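See below for entry18.cif, which holds mmCIF, N, CA and C atoms.
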data_query
#
loop_
_atom_site.label_atom_id
_atom_site.label_comp_id
_atom_site.auth_asym_id
_atom_site.auth_seq_id
_atom_site.Cartn_x
_atom_site.Cartn_y
_atom_site.Cartn_z
N MET A 1124 92.93 -71.00 -47.64
CA MET A 1124 92.96 -69.84 -48.49
C MET A 1124 94.40 -69.39 -48.75
N ALA A 1125 95.36 -70.17 -48.28
CA ALA A 1125 96.75 -69.80 -48.47
C ALA A 1125 97.06 -69.69 -49.95
N GLY A 1126 97.80 -68.65 -50.30
CA GLY A 1126 98.19 -68.45 -51.67
C GLY A 1126 97.15 -67.76 -52.53
N LYS A 1127 95.96 -67.64 -52.05
CA LYS A 1127 94.89 -67.01 -52.83
C LYS A 1127 95.03 -65.49 -52.76
N LEU A 1128 95.03 -64.85 -53.89
CA LEU A 1128 95.11 -63.40 -53.91
C LEU A 1128 93.74 -62.82 -53.61
N SER A 1129 93.73 -61.71 -52.95
CA SER A 1129 92.47 -61.07 -52.59
C SER A 1129 92.61 -59.58 -52.77
N SER A 1130 91.47 -58.91 -52.94
CA SER A 1130 91.48 -57.46 -53.10
C SER A 1130 91.56 -56.75 -51.75
N PHE A 1131 91.53 -57.50 -50.64
CA PHE A 1131 91.57 -56.88 -49.33
C PHE A 1131 92.99 -56.59 -48.90
N GLN A 1132 93.15 -55.56 -48.11
CA GLN A 1132 94.44 -55.15 -47.58
C GLN A 1132 94.80 -56.02 -46.38
N ARG A 1133 95.98 -56.55 -46.34
CA ARG A 1133 96.44 -57.31 -45.20
C ARG A 1133 97.06 -56.35 -44.19
N ALA A 1134 97.03 -56.73 -42.92
CA ALA A 1134 97.56 -55.87 -41.86
C ALA A 1134 99.04 -55.59 -42.06
N SER A 1135 99.77 -56.50 -42.69
CA SER A 1135 101.21 -56.30 -42.87
C SER A 1135 101.54 -55.43 -44.09
N ASP A 1136 100.54 -55.07 -44.89
CA ASP A 1136 100.79 -54.25 -46.06
C ASP A 1136 101.12 -52.82 -45.65
N SER A 1137 101.67 -52.06 -46.56
CA SER A 1137 102.19 -50.75 -46.25
C SER A 1137 101.14 -49.75 -45.75
N ARG A 1138 99.89 -49.87 -46.17
CA ARG A 1138 98.88 -48.90 -45.74
C ARG A 1138 98.47 -49.11 -44.29
N ALA A 1139 98.69 -50.30 -43.73
CA ALA A 1139 98.31 -50.57 -42.36
C ALA A 1139 99.43 -50.11 -41.44
N THR A 1140 99.34 -48.90 -40.92
CA THR A 1140 100.35 -48.33 -40.06
C THR A 1140 99.79 -48.24 -38.65
N PRO A 1141 100.66 -48.00 -37.65
CA PRO A 1141 100.16 -47.87 -36.29
C PRO A 1141 99.13 -46.75 -36.15
N ASP A 1142 99.19 -45.73 -37.02
CA ASP A 1142 98.23 -44.63 -36.95
C ASP A 1142 96.96 -44.91 -37.75
N ALA A 1143 96.91 -46.04 -38.43
CA ALA A 1143 95.74 -46.37 -39.24
C ALA A 1143 94.55 -46.65 -38.33
N PRO A 1144 93.33 -46.42 -38.83
CA PRO A 1144 92.15 -46.71 -38.03
C PRO A 1144 92.06 -48.20 -37.68
N SER A 1145 91.32 -48.49 -36.66
CA SER A 1145 91.12 -49.87 -36.22
C SER A 1145 90.59 -50.72 -37.37
N ARG A 1146 91.02 -51.97 -37.39
CA ARG A 1146 90.51 -52.93 -38.36
C ARG A 1146 89.78 -54.04 -37.62
N THR A 1147 89.05 -53.66 -36.57
CA THR A 1147 88.33 -54.62 -35.74
C THR A 1147 86.96 -54.92 -36.33
N VAL A 1148 86.69 -56.21 -36.50
CA VAL A 1148 85.39 -56.67 -36.99
C VAL A 1148 84.75 -57.52 -35.90
N LEU A 1149 83.49 -57.26 -35.64
CA LEU A 1149 82.72 -58.04 -34.67
C LEU A 1149 81.98 -59.15 -35.40
N VAL A 1150 82.16 -60.39 -34.95
CA VAL A 1150 81.45 -61.54 -35.51
C VAL A 1150 80.62 -62.16 -34.39
N VAL A 1151 79.30 -62.21 -34.60
CA VAL A 1151 78.40 -62.80 -33.61
C VAL A 1151 77.59 -63.89 -34.29
N GLU A 1152 77.88 -65.12 -33.93
CA GLU A 1152 77.24 -66.30 -34.55
C GLU A 1152 77.21 -67.39 -33.50
N ASP A 1153 76.04 -67.98 -33.25
CA ASP A 1153 75.95 -69.02 -32.23
C ASP A 1153 76.43 -70.39 -32.70
N ASP A 1154 76.58 -70.60 -33.99
CA ASP A 1154 77.13 -71.83 -34.52
C ASP A 1154 78.66 -71.70 -34.49
N ALA A 1155 79.30 -72.46 -33.60
CA ALA A 1155 80.75 -72.32 -33.41
C ALA A 1155 81.54 -72.60 -34.69
N GLY A 1156 81.09 -73.55 -35.49
CA GLY A 1156 81.80 -73.87 -36.74
C GLY A 1156 81.74 -72.72 -37.73
N LEU A 1157 80.56 -72.12 -37.90
CA LEU A 1157 80.42 -70.99 -38.81
C LEU A 1157 81.16 -69.77 -38.27
N ARG A 1158 81.11 -69.56 -36.96
CA ARG A 1158 81.83 -68.44 -36.34
C ARG A 1158 83.33 -68.58 -36.63
N SER A 1159 83.87 -69.77 -36.49
CA SER A 1159 85.29 -70.03 -36.75
C SER A 1159 85.62 -69.80 -38.22
N TYR A 1160 84.73 -70.25 -39.10
CA TYR A 1160 84.90 -70.09 -40.56
C TYR A 1160 84.98 -68.61 -40.93
N LEU A 1161 84.03 -67.82 -40.42
CA LEU A 1161 84.01 -66.39 -40.72
C LEU A 1161 85.23 -65.68 -40.13
N THR A 1162 85.59 -66.07 -38.91
CA THR A 1162 86.75 -65.48 -38.25
C THR A 1162 88.02 -65.76 -39.04
N THR A 1163 88.18 -66.97 -39.52
CA THR A 1163 89.36 -67.34 -40.30
C THR A 1163 89.46 -66.51 -41.57
N ILE A 1164 88.35 -66.36 -42.28
CA ILE A 1164 88.37 -65.55 -43.51
C ILE A 1164 88.80 -64.12 -43.19
N LEU A 1165 88.25 -63.55 -42.15
CA LEU A 1165 88.58 -62.16 -41.78
C LEU A 1165 90.03 -62.03 -41.33
N GLU A 1166 90.49 -62.95 -40.51
CA GLU A 1166 91.88 -62.89 -40.05
C GLU A 1166 92.85 -63.08 -41.20
N ASP A 1167 92.50 -63.93 -42.17
CA ASP A 1167 93.34 -64.10 -43.36
C ASP A 1167 93.44 -62.81 -44.16
N GLN A 1168 92.46 -61.92 -43.99
CA GLN A 1168 92.46 -60.64 -44.69
C GLN A 1168 93.12 -59.54 -43.85
N GLY A 1169 93.64 -59.89 -42.68
CA GLY A 1169 94.35 -58.94 -41.84
C GLY A 1169 93.50 -58.19 -40.83
N TYR A 1170 92.26 -58.61 -40.65
CA TYR A 1170 91.39 -57.95 -39.68
C TYR A 1170 91.59 -58.54 -38.29
N THR A 1171 91.39 -57.73 -37.27
CA THR A 1171 91.32 -58.20 -35.90
C THR A 1171 89.86 -58.54 -35.64
N VAL A 1172 89.60 -59.74 -35.14
CA VAL A 1172 88.24 -60.20 -34.97
C VAL A 1172 87.90 -60.36 -33.49
N VAL A 1173 86.77 -59.80 -33.11
CA VAL A 1173 86.17 -60.06 -31.81
C VAL A 1173 84.97 -60.93 -32.11
N SER A 1174 84.99 -62.18 -31.62
CA SER A 1174 83.89 -63.09 -31.95
C SER A 1174 83.20 -63.56 -30.68
N ALA A 1175 81.91 -63.86 -30.84
CA ALA A 1175 81.11 -64.30 -29.70
C ALA A 1175 79.93 -65.14 -30.20
N GLY A 1176 79.38 -65.93 -29.28
CA GLY A 1176 78.25 -66.79 -29.61
C GLY A 1176 76.90 -66.23 -29.22
N SER A 1177 76.89 -65.07 -28.54
CA SER A 1177 75.63 -64.43 -28.18
C SER A 1177 75.81 -62.91 -28.23
N GLY A 1178 74.70 -62.20 -28.30
CA GLY A 1178 74.75 -60.75 -28.37
C GLY A 1178 75.36 -60.13 -27.13
N GLU A 1179 74.97 -60.61 -25.97
CA GLU A 1179 75.49 -60.08 -24.72
C GLU A 1179 76.99 -60.30 -24.62
N GLU A 1180 77.43 -61.51 -24.95
CA GLU A 1180 78.86 -61.84 -24.93
C GLU A 1180 79.62 -60.94 -25.91
N ALA A 1181 79.02 -60.68 -27.06
CA ALA A 1181 79.68 -59.86 -28.09
C ALA A 1181 79.93 -58.44 -27.59
N LEU A 1182 78.91 -57.83 -27.01
CA LEU A 1182 79.05 -56.45 -26.55
C LEU A 1182 80.04 -56.36 -25.40
N GLN A 1183 80.05 -57.37 -24.54
CA GLN A 1183 81.01 -57.38 -23.44
C GLN A 1183 82.43 -57.56 -23.99
N ALA A 1184 82.62 -58.47 -24.95
CA ALA A 1184 83.95 -58.71 -25.52
C ALA A 1184 84.46 -57.51 -26.30
N LEU A 1185 83.56 -56.81 -26.98
CA LEU A 1185 83.95 -55.63 -27.75
C LEU A 1185 84.38 -54.50 -26.82
N GLY A 1186 83.68 -54.37 -25.70
CA GLY A 1186 84.03 -53.34 -24.72
C GLY A 1186 84.00 -51.96 -25.33
N SER A 1187 85.05 -51.19 -25.10
CA SER A 1187 85.11 -49.82 -25.61
C SER A 1187 85.70 -49.72 -27.01
N ARG A 1188 86.13 -50.86 -27.55
CA ARG A 1188 86.67 -50.83 -28.93
C ARG A 1188 85.56 -50.51 -29.91
N ARG A 1189 85.96 -49.94 -31.03
CA ARG A 1189 84.99 -49.62 -32.07
C ARG A 1189 85.21 -50.54 -33.26
N ALA A 1190 84.17 -51.26 -33.64
CA ALA A 1190 84.26 -52.15 -34.80
C ALA A 1190 84.04 -51.33 -36.07
N ILE A 1191 84.73 -51.71 -37.14
CA ILE A 1191 84.51 -51.07 -38.44
C ILE A 1191 83.44 -51.81 -39.23
N LEU A 1192 83.07 -53.01 -38.75
CA LEU A 1192 82.08 -53.84 -39.41
C LEU A 1192 81.55 -54.84 -38.40
N ALA A 1193 80.29 -55.20 -38.53
CA ALA A 1193 79.70 -56.26 -37.71
C ALA A 1193 79.12 -57.33 -38.62
N VAL A 1194 79.43 -58.57 -38.32
CA VAL A 1194 78.86 -59.72 -39.03
C VAL A 1194 77.99 -60.44 -38.01
N LEU A 1195 76.68 -60.42 -38.23
CA LEU A 1195 75.74 -60.87 -37.21
C LEU A 1195 74.78 -61.92 -37.72
N ASP A 1196 74.54 -62.92 -36.87
CA ASP A 1196 73.43 -63.84 -37.08
C ASP A 1196 72.21 -63.17 -36.47
N ILE A 1197 71.04 -63.48 -36.97
CA ILE A 1197 69.81 -62.91 -36.41
C ILE A 1197 69.34 -63.74 -35.22
N GLY A 1198 69.24 -65.06 -35.41
CA GLY A 1198 68.70 -65.95 -34.38
C GLY A 1198 69.74 -66.34 -33.36
N LEU A 1199 70.01 -65.44 -32.43
CA LEU A 1199 70.99 -65.71 -31.37
C LEU A 1199 70.25 -65.97 -30.06
N PRO A 1200 70.88 -66.71 -29.15
CA PRO A 1200 70.28 -66.86 -27.83
C PRO A 1200 70.30 -65.50 -27.11
N GLY A 1201 69.24 -65.16 -26.42
CA GLY A 1201 69.18 -63.88 -25.73
C GLY A 1201 68.99 -62.74 -26.71
N MET A 1202 69.88 -61.79 -26.67
CA MET A 1202 69.83 -60.61 -27.54
C MET A 1202 70.07 -61.03 -28.99
N ASP A 1203 69.15 -60.70 -29.90
CA ASP A 1203 69.32 -61.11 -31.30
C ASP A 1203 70.26 -60.14 -32.04
N GLY A 1204 70.57 -60.49 -33.27
CA GLY A 1204 71.51 -59.70 -34.06
C GLY A 1204 71.08 -58.27 -34.29
N PHE A 1205 69.78 -58.04 -34.46
CA PHE A 1205 69.30 -56.67 -34.66
C PHE A 1205 69.51 -55.83 -33.40
N ALA A 1206 69.31 -56.43 -32.23
CA ALA A 1206 69.54 -55.72 -30.97
C ALA A 1206 71.02 -55.38 -30.81
N VAL A 1207 71.89 -56.29 -31.21
CA VAL A 1207 73.33 -56.01 -31.17
C VAL A 1207 73.65 -54.83 -32.08
N ALA A 1208 73.08 -54.83 -33.28
CA ALA A 1208 73.33 -53.75 -34.24
C ALA A 1208 72.92 -52.40 -33.67
N GLU A 1209 71.84 -52.37 -32.90
CA GLU A 1209 71.36 -51.12 -32.31
C GLU A 1209 72.35 -50.56 -31.28
N HIS A 1210 73.17 -51.42 -30.69
CA HIS A 1210 74.15 -50.97 -29.69
C HIS A 1210 75.45 -50.47 -30.32
N LEU A 1211 75.62 -50.71 -31.60
CA LEU A 1211 76.85 -50.28 -32.29
C LEU A 1211 76.67 -48.86 -32.80
N ALA A 1212 77.78 -48.22 -33.15
CA ALA A 1212 77.71 -46.89 -33.74
C ALA A 1212 76.86 -46.96 -35.00
N LYS A 1213 76.12 -45.90 -35.27
CA LYS A 1213 75.17 -45.88 -36.39
C LYS A 1213 75.84 -46.04 -37.76
N ASP A 1214 77.12 -45.70 -37.86
CA ASP A 1214 77.80 -45.78 -39.15
C ASP A 1214 78.55 -47.10 -39.36
N VAL A 1215 78.37 -48.06 -38.46
CA VAL A 1215 79.04 -49.35 -38.61
C VAL A 1215 78.22 -50.22 -39.57
N PRO A 1216 78.82 -50.60 -40.70
CA PRO A 1216 78.08 -51.47 -41.62
C PRO A 1216 77.83 -52.84 -40.98
N VAL A 1217 76.72 -53.46 -41.38
CA VAL A 1217 76.34 -54.75 -40.82
C VAL A 1217 76.10 -55.73 -41.95
N ILE A 1218 76.71 -56.91 -41.82
CA ILE A 1218 76.43 -58.03 -42.70
C ILE A 1218 75.67 -59.05 -41.87
N VAL A 1219 74.47 -59.39 -42.30
CA VAL A 1219 73.65 -60.37 -41.60
C VAL A 1219 73.83 -61.71 -42.32
N VAL A 1220 74.22 -62.72 -41.55
CA VAL A 1220 74.36 -64.08 -42.06
C VAL A 1220 73.25 -64.88 -41.40
N THR A 1221 72.29 -65.34 -42.20
CA THR A 1221 71.09 -65.93 -41.60
C THR A 1221 70.55 -67.10 -42.42
N GLY A 1222 69.88 -67.99 -41.72
CA GLY A 1222 69.18 -69.09 -42.38
C GLY A 1222 67.81 -68.67 -42.87
N ASP A 1223 67.36 -67.47 -42.49
CA ASP A 1223 66.03 -67.00 -42.86
C ASP A 1223 66.14 -65.58 -43.44
N PRO A 1224 66.61 -65.46 -44.69
CA PRO A 1224 66.82 -64.12 -45.26
C PRO A 1224 65.54 -63.31 -45.41
N LEU A 1225 64.40 -63.95 -45.64
CA LEU A 1225 63.14 -63.21 -45.76
C LEU A 1225 62.79 -62.53 -44.43
N LYS A 1226 62.93 -63.25 -43.35
CA LYS A 1226 62.67 -62.68 -42.02
C LYS A 1226 63.62 -61.51 -41.77
N ALA A 1227 64.89 -61.68 -42.13
CA ALA A 1227 65.87 -60.60 -41.94
C ALA A 1227 65.50 -59.37 -42.75
N LYS A 1228 65.06 -59.58 -43.99
CA LYS A 1228 64.66 -58.44 -44.83
C LYS A 1228 63.45 -57.72 -44.24
N MET A 1229 62.51 -58.49 -43.71
CA MET A 1229 61.32 -57.87 -43.11
C MET A 1229 61.71 -57.08 -41.86
N ARG A 1230 62.59 -57.62 -41.03
CA ARG A 1230 63.02 -56.93 -39.82
C ARG A 1230 63.86 -55.70 -40.15
N ALA A 1231 64.59 -55.74 -41.26
CA ALA A 1231 65.47 -54.63 -41.64
C ALA A 1231 64.71 -53.50 -42.33
N PHE A 1232 63.49 -53.75 -42.76
CA PHE A 1232 62.72 -52.75 -43.49
C PHE A 1232 62.58 -51.48 -42.67
N GLY A 1233 62.93 -50.36 -43.27
CA GLY A 1233 62.81 -49.07 -42.61
C GLY A 1233 64.02 -48.65 -41.80
N ARG A 1234 65.03 -49.51 -41.69
CA ARG A 1234 66.25 -49.12 -40.98
C ARG A 1234 66.96 -48.02 -41.74
N THR A 1235 67.54 -47.09 -41.02
CA THR A 1235 68.27 -46.01 -41.67
C THR A 1235 69.63 -46.48 -42.18
N THR A 1236 70.22 -47.44 -41.49
CA THR A 1236 71.50 -48.00 -41.92
C THR A 1236 71.22 -49.28 -42.70
N PRO A 1237 71.61 -49.33 -43.97
CA PRO A 1237 71.32 -50.53 -44.76
C PRO A 1237 72.13 -51.73 -44.28
N LEU A 1238 71.57 -52.90 -44.48
CA LEU A 1238 72.22 -54.15 -44.13
C LEU A 1238 72.52 -54.93 -45.40
N THR A 1239 73.57 -55.72 -45.34
CA THR A 1239 73.83 -56.71 -46.37
C THR A 1239 73.36 -58.04 -45.78
N ILE A 1240 72.51 -58.74 -46.49
CA ILE A 1240 71.95 -59.99 -45.98
C ILE A 1240 72.46 -61.15 -46.83
N LEU A 1241 73.11 -62.12 -46.17
CA LEU A 1241 73.61 -63.31 -46.83
C LEU A 1241 72.86 -64.52 -46.27
N ALA A 1242 72.36 -65.36 -47.17
CA ALA A 1242 71.66 -66.58 -46.75
C ALA A 1242 72.67 -67.70 -46.52
N LYS A 1243 72.50 -68.40 -45.39
CA LYS A 1243 73.34 -69.57 -45.12
C LYS A 1243 72.92 -70.70 -46.03
N PRO A 1244 73.80 -71.55 -46.46
CA PRO A 1244 75.25 -71.50 -46.25
C PRO A 1244 75.89 -70.50 -47.22
N ILE A 1245 77.01 -69.94 -46.80
CA ILE A 1245 77.68 -68.96 -47.65
C ILE A 1245 79.05 -69.48 -48.06
N THR A 1246 79.49 -69.03 -49.21
CA THR A 1246 80.81 -69.39 -49.71
C THR A 1246 81.80 -68.29 -49.33
N PRO A 1247 83.09 -68.60 -49.32
CA PRO A 1247 84.08 -67.55 -49.07
C PRO A 1247 83.96 -66.39 -50.07
N GLU A 1248 83.65 -66.72 -51.31
CA GLU A 1248 83.52 -65.68 -52.34
C GLU A 1248 82.35 -64.75 -52.05
N GLN A 1249 81.22 -65.30 -51.62
CA GLN A 1249 80.07 -64.47 -51.27
C GLN A 1249 80.40 -63.56 -50.09
N PHE A 1250 81.07 -64.13 -49.10
CA PHE A 1250 81.41 -63.36 -47.91
C PHE A 1250 82.41 -62.26 -48.25
N GLU A 1251 83.43 -62.57 -49.02
CA GLU A 1251 84.43 -61.56 -49.39
C GLU A 1251 83.81 -60.47 -50.25
N ALA A 1252 82.87 -60.80 -51.12
CA ALA A 1252 82.19 -59.78 -51.93
C ALA A 1252 81.37 -58.86 -51.02
N ALA A 1253 80.70 -59.44 -50.02
CA ALA A 1253 79.92 -58.63 -49.08
C ALA A 1253 80.85 -57.74 -48.26
N LEU A 1254 82.00 -58.25 -47.84
CA LEU A 1254 82.99 -57.44 -47.12
C LEU A 1254 83.43 -56.26 -47.95
N GLN A 1255 83.79 -56.53 -49.19
CA GLN A 1255 84.26 -55.47 -50.07
C GLN A 1255 83.18 -54.41 -50.28
N ALA A 1256 81.95 -54.81 -50.45
CA ALA A 1256 80.86 -53.85 -50.64
C ALA A 1256 80.59 -53.05 -49.38
N ALA A 1257 80.70 -53.69 -48.21
CA ALA A 1257 80.40 -53.02 -46.95
C ALA A 1257 81.48 -52.03 -46.54
N LEU A 1258 82.71 -52.34 -46.88
CA LEU A 1258 83.82 -51.49 -46.46
C LEU A 1258 84.29 -50.63 -47.62
#
As structure tokens, the full file:
Amino acid sequence: MAGKLSSFQRASDSRATPDAPSRTVLVVEDDAGLRSYLTTILEDQGYTVVSAGSGEEALQALGSRRAILAVLDIGLPGMDGFAVAEHLAKDVPVIVVTGDPLKAKMRAFGRTTPLTILAKPITPEQFEAALQAAL
């Protein structure tokens, strides 16, 4: 993605000051390749990424930090993506990246916090559009 212009603010840009709010994004995906792909896109945009392969690992890695966004797979070993979302602050937007978007839509029905659902496989453009809409 080098050289590609984006509408996202990079951490080195003038608006990102030491007093600026956290730019931490939580990525939880059990597929290591997809997790790395999503992490790279986010880091290229200047975000700090906490990534994990399971829900339990994600919450432990996040610790007391507050994420501004969560990117979650639904079908995780142990705690699923929806359970992870329930442990986050209620105002944290969630992007669900899933191989089964219909199942995700059915599980999300009635949630007070809306989700953005992306069907795998996703392109960088789809992911960046979802990021822009969520934030």
Inset, instruction - Convert the output of the PyMOL selection byres ((chain A and resi 1197) around 8) on the shown file into explicit residues, formatted as a list in words. - result: Val1151, Glu1152, Asp1153, Val1194, Leu1195, Asp1196, Gly1198, Leu1199, Pro1200, Met1202, Asp1203, Gly1204, Phe1205, Ala1206, Val1219, Val1220, Thr1221, Gly1222, Asp1223 and Ala1227 of chain A
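The residue that comes closest to Ser1187 in chain A, out of A:Tyr1170, A:Ala1208, A:Thr1147, A:Val1217 and on the basis of only C-alpha atoms, is A:Thr1147.
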Inset, instruction - Specify as a ChimeraX atom specification each residue included when the PyMOL selection byres (((chain A and resi 1238 and name CA) around 7) and name CA) is applied to this file. - result: /A:1216-1219,1236-1237,1239-1240
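Atom N of Leu1241 in chain A sits 17.8 Å away from CA of Glu1209 in chain A.
In terms of minimum interatomic distance to Leu1185 in chain A, A:Val1150 ranks closest within A:Lys1243, A:Glu1166, A:Arg1230, A:Val1150, counting only C-alpha atoms.
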Legend entry - Among listed residues A:Arg1146, A:Gly1169, A:Ala1193, A:Ile1164, nearest Glu1248 in chain A (using only C-alpha atoms):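 For Glu1248 in chain A, the nearest of the given residues is A:Ile1164.
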Inset, instruction - Per DSSP on the backbone, filter range 1149-1248 of chain A down to the residues in helix (DSSP H, G or I) and report them as a ChimeraX atom specification. - result: /A:1155-1167,1178-1185,1204-1210,1224-1231,1247-1248
Inset, instruction - Tell me which residues the PyMOL selection byres ((chain A and resi 1175) around 8) grabs here, as JSON, numbers by chain. - result: {"A": [1149, 1150, 1151, 1152, 1153, 1154, 1155, 1158, 1172, 1173, 1174, 1176, 1177, 1178, 1179, 1180, 1181, 1182, 1184]}
Legend entry - Backbone-only DSSP, strand (DSSP E or B) members of chain A, as number ranges by chain: A: 1147-1151, 1171-1175, 1192-1195, 1217-1221, 1238-1242
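The two atoms in question, CA of Ala1252 in chain A and CA of Leu1161 in chain A, are spaced 13.1 Å apart.
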Legend entry - Two-atom distance - CA of Pro1224 in chain A, atom N of Arg1188 in chain A (Å):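 Here the two named atoms are 29.4 Å from each other.
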Around all the atoms of range 1218-1224 of chain A listed in the file, with 3 Å of room on each side, what axis-aligned box do you get, giving centre and edge lengths in Å to one decimal, as lines of an AutoDock Vina configuration file?
center_x = 71.1
center_y = -63.0
center_z = -43.4
size_x = 17.2
size_y = 18.2
size_z = 10.0
Legend entry - Of the listed residues A:Val1207, A:Leu1165, A:Leu1192, A:Leu1157, that which approaches Ala1257 in chain A most closely, counting only N, CA and C atoms: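 Nearest candidate to Ala1257 in chain A out of A:Val1207, A:Leu1165, A:Leu1192, A:Leu1157: A:Leu1192.
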Legend entry - Of the listed residues A:Val1148, A:Ser1159, A:Gly1186, A:His1210, that which approaches Thr1171 in chain A most closely, counting all atoms listed in the file: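 Comparing A:Val1148, A:Ser1159, A:Gly1186, A:His1210 against Thr1171 in chain A, the winner is A:Val1148.
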